[in-house]
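Data block for model11.pdb (PDB, C-alpha atoms):
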ATOM      1  CA  MET A   1       9.714  26.639 -15.008
ATOM      2  CA  GLU A   2       8.001  23.677 -16.622
ATOM      3  CA  ASN A   3       4.852  22.445 -14.863
ATOM      4  CA  LEU A   4       4.723  18.922 -13.543
ATOM      5  CA  CYS A   5       2.711  16.466 -15.565
ATOM      6  CA  PRO A   6      -0.697  16.230 -13.831
ATOM      7  CA  ARG A   7      -0.666  12.417 -14.122
ATOM      8  CA  PHE A   8       2.764  12.211 -12.477
ATOM      9  CA  GLU A   9       1.599  14.569  -9.733
ATOM     10  CA  LYS A  10      -1.537  12.455  -9.152
ATOM     11  CA  ALA A  11       0.519   9.234  -8.990
ATOM     12  CA  MET A  12       3.032  10.718  -6.558
ATOM     13  CA  GLY A  13       0.232  12.101  -4.407
ATOM     14  CA  LEU A  14      -1.409   8.686  -4.204
ATOM     15  CA  LEU A  15       1.810   6.774  -3.520
ATOM     16  CA  SER A  16       2.920   9.282  -0.899
ATOM     17  CA  THR A  17      -0.350   9.042   1.024
ATOM     18  CA  ARG A  18       0.577   7.788   4.459
ATOM     19  CA  TRP A  19       0.529   3.965   4.729
ATOM     20  CA  VAL A  20      -0.279   3.369   1.033
ATOM     21  CA  GLY A  21       3.273   2.246   0.245
ATOM     22  CA  LEU A  22       3.335  -0.235   3.113
ATOM     23  CA  ILE A  23      -0.090  -1.607   2.179
ATOM     24  CA  LEU A  24       1.038  -2.128  -1.408
ATOM     25  CA  PHE A  25       4.299  -3.711  -0.230
ATOM     26  CA  ASP A  26       2.293  -6.103   1.978
ATOM     27  CA  LEU A  27      -0.094  -7.025  -0.860
ATOM     28  CA  LEU A  28       2.832  -7.780  -3.187
ATOM     29  CA  LYS A  29       3.233 -10.941  -1.086
ATOM     30  CA  GLY A  30      -0.218 -12.101  -2.222
ATOM     31  CA  THR A  31      -3.885 -12.025  -1.303
ATOM     32  CA  LYS A  32      -4.599 -11.071   2.292
ATOM     33  CA  ARG A  33      -7.554 -10.910   4.621
ATOM     34  CA  PHE A  34      -8.172  -7.642   6.440
ATOM     35  CA  SER A  35      -7.210  -9.166   9.802
ATOM     36  CA  GLU A  36      -3.892 -10.413   8.381
ATOM     37  CA  MET A  37      -3.055  -6.970   7.051
ATOM     38  CA  GLU A  38      -4.071  -5.356  10.336
ATOM     39  CA  ALA A  39      -1.693  -7.731  12.167
ATOM     40  CA  ASP A  40       1.145  -7.123   9.660
ATOM     41  CA  LEU A  41       0.984  -3.323   9.605
ATOM     42  CA  PRO A  42       1.385  -0.733  12.401
ATOM     43  CA  ILE A  43      -1.882   0.983  11.460
ATOM     44  CA  SER A  44      -5.326   1.234  13.028
ATOM     45  CA  GLY A  45      -8.144  -0.808  11.535
ATOM     46  CA  ARG A  46     -10.101   2.331  10.669
ATOM     47  CA  LEU A  47      -7.206   3.904   8.797
ATOM     48  CA  LEU A  48      -6.382   0.619   7.041
ATOM     49  CA  SER A  49     -10.007   0.408   5.916
ATOM     50  CA  ASP A  50      -9.898   4.006   4.612
ATOM     51  CA  ARG A  51      -6.689   3.369   2.659
ATOM     52  CA  LEU A  52      -8.002   0.111   1.187
ATOM     53  CA  LYS A  53     -11.169   1.919   0.050
ATOM     54  CA  LEU A  54      -9.005   4.603  -1.591
ATOM     55  CA  LEU A  55      -6.873   1.982  -3.367
ATOM     56  CA  GLU A  56      -9.987   0.080  -4.445
ATOM     57  CA  LYS A  57     -11.544   3.287  -5.822
ATOM     58  CA  GLU A  58      -8.317   3.952  -7.770
ATOM     59  CA  GLY A  59      -8.474   0.434  -9.247
ATOM     60  CA  ILE A  60      -5.228  -0.648  -7.568
ATOM     61  CA  VAL A  61      -6.701  -3.134  -5.079
ATOM     62  CA  ASN A  62      -9.406  -5.751  -5.605
ATOM     63  CA  ARG A  63     -11.813  -6.545  -2.774
ATOM     64  CA  ASN A  64     -13.327 -10.019  -2.996
ATOM     65  CA  ILE A  65     -16.234 -11.020  -0.786
ATOM     66  CA  TYR A  66     -16.963 -14.701  -0.215
ATOM     67  CA  SER A  67     -20.454 -15.458   1.050
ATOM     68  CA  GLU A  68     -19.500 -17.916   3.737
ATOM     69  CA  PHE A  69     -20.267 -17.816   7.413
ATOM     70  CA  PRO A  70     -18.659 -15.747   8.665
ATOM     71  CA  VAL A  71     -18.268 -13.660   5.513
ATOM     72  CA  ARG A  72     -14.693 -13.715   4.213
ATOM     73  CA  ILE A  73     -13.229 -10.614   2.560
ATOM     74  CA  GLU A  74      -9.861 -10.747   0.828
ATOM     75  CA  TYR A  75      -7.761  -8.028  -0.757
ATOM     76  CA  SER A  76      -5.356  -8.413  -3.644
ATOM     77  CA  LEU A  77      -3.597  -6.206  -6.134
ATOM     78  CA  SER A  78      -5.359  -5.631  -9.436
ATOM     79  CA  ASP A  79      -3.328  -5.724 -12.648
ATOM     80  CA  LYS A  80      -2.915  -1.964 -12.243
ATOM     81  CA  GLY A  81      -1.606  -2.547  -8.712
ATOM     82  CA  LYS A  82       0.723  -5.350  -9.796
ATOM     83  CA  ASP A  83       2.260  -2.971 -12.336
ATOM     84  CA  LEU A  84       3.595  -0.991  -9.341
ATOM     85  CA  GLU A  85       5.793  -3.915  -8.244
ATOM     86  CA  PRO A  86       8.986  -2.775 -10.043
ATOM     87  CA  VAL A  87       8.503   0.763  -8.706
ATOM     88  CA  ILE A  88       8.068  -0.447  -5.122
ATOM     89  CA  LYS A  89      11.020  -2.832  -5.402
ATOM     90  CA  GLU A  90      13.230  -0.030  -6.749
ATOM     91  CA  ILE A  91      12.213   2.191  -3.826
ATOM     92  CA  GLN A  92      13.133  -0.686  -1.491
ATOM     93  CA  CYS A  93      16.547  -1.046  -3.175
ATOM     94  CA  TRP A  94      17.128   2.693  -2.932
ATOM     95  CA  ALA A  95      16.117   2.687   0.749
ATOM     96  CA  ASP A  96      18.402  -0.279   1.511
ATOM     97  CA  GLU A  97      21.300   1.634   0.021
ATOM     98  CA  HIS A  98      20.592   5.176   1.215
ATOM     99  CA  VAL A  99      18.444   5.167   4.374
ATOM    100  CA  THR A 100      20.291   4.487   7.616
ATOM    101  CA  GLN A 101      18.999   2.744  10.733
ATOM    102  CA  GLU A 102      19.379   6.033  12.617
ATOM    103  CA  GLU A 103      17.088   7.760  10.114
ATOM    104  CA  THR A 104      14.384   5.145  10.632
ATOM    105  CA  LYS A 105      14.607   5.634  14.415
ATOM    106  CA  GLU A 106      14.266   9.417  14.011
ATOM    107  CA  GLN A 107      11.110   8.880  11.948
ATOM    108  CA  ASN A 108       9.458   6.858  14.722
ATOM    109  CA  VAL A 109       9.981   9.511  17.400
TER     110      VAL A 109
END

Kindly transcribe the structure held in the file into structure tokens.
Amino acid sequence: MENLCPRFEKAMGLLSTRWVGLILFDLLKGTKRFSEMEADLPISGRLLSDRLKLLEKEGIVNRNIYSEFPVRIEYSLSDKGKDLEPVIKEIQCWADEHVTQEETKEQNV
């Protein structure tokens, strides 16, 4: 059996990390503040922070700090992150066609 390409395996591991897909989907809409993302996503602030740090470390998300009072921090997709847009949109199309409402309810149990 042929081994998986290590780069493909790394990419799939990153994209399949819980909540990463939803964070990327949310950031495709544009730059967001942490509080906006926390309100948009069903995820704890601590876990959101961990995932954003992971995505920033991978060069997928940019973190911009504005020295105002109070300090403003915004997150956006880097060019590397924006390159994931067609992949994420294709997954959305596939899900719209193949994932039923019942399956989404089973997932939330």

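Picture a line from CA of Ser44 in chain A to CA of Asn62 in chain A; it runs 20.3 Å.
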
Open item on the list: So, with only C-alpha atoms as the atoms that count, which of A:Ser78, A:Ser49, A:Gln92, A:Asn64 lies closest to Phe25 in chain A?
Closed with: A:Gln92

How big is the axis-aligned box around all listed atoms of range 53-60 of chain A once 3 Å goes on each side, and where's its centre, in Å to one decimal, as AutoDock Vina command-line options?
--center_x -8.4 --center_y 2.0 --center_z -4.6 --size_x 12.3 --size_y 11.3 --size_z 15.3

- [ ] Take CA of Lys82 in chain A and CA of Lys32 in chain A and report the distance between them in Å, one decimal.
- [x] 14.4 Å

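Computed from the coordinates, the CA of Met37 in chain A to CA of Val61 in chain A distance equals 13.2 Å.
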
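For the set A:Leu41, A:Leu48, A:Val20, A:Glu36, the residue with the smallest atom-to-atom gap to Gly81 in chain A is A:Val20, counting only C-alpha atoms.
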
Open item on the list: Give me, as a ChimeraX atom specification, all polymer residues having an atom no more than 9 Å from range 73-76 of chain A, counting all atoms listed in the file and skipping those fewer than 5 positions away in the same chain.
Closed with: /A:27-28,30-34,52,60-67,81

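Remark: for Gly21 in chain A, the closest of the candidate residues A:Glu9, A:Glu102, A:Glu85, A:Glu97 is A:Glu85 (distances computed over only C-alpha atoms).
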
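Ranking A:Thr104, A:Leu54, A:Ala11, A:Glu38 by their shortest atom-to-atom distance to Val87 in chain A, with all atoms listed in the file included, puts A:Ala11 first.
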
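With distances taken over all atoms listed in the file, A:Ile43 is the one residue among A:Ile43, A:Ala95, A:Cys5, A:Ile88 lying closest to Trp19 in chain A.
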
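For the choices A:Leu55, A:Met12, A:Cys93, A:Val71, the atom-to-atom distance to Leu24 in chain A is smallest for A:Leu55 when using all atoms listed in the file.
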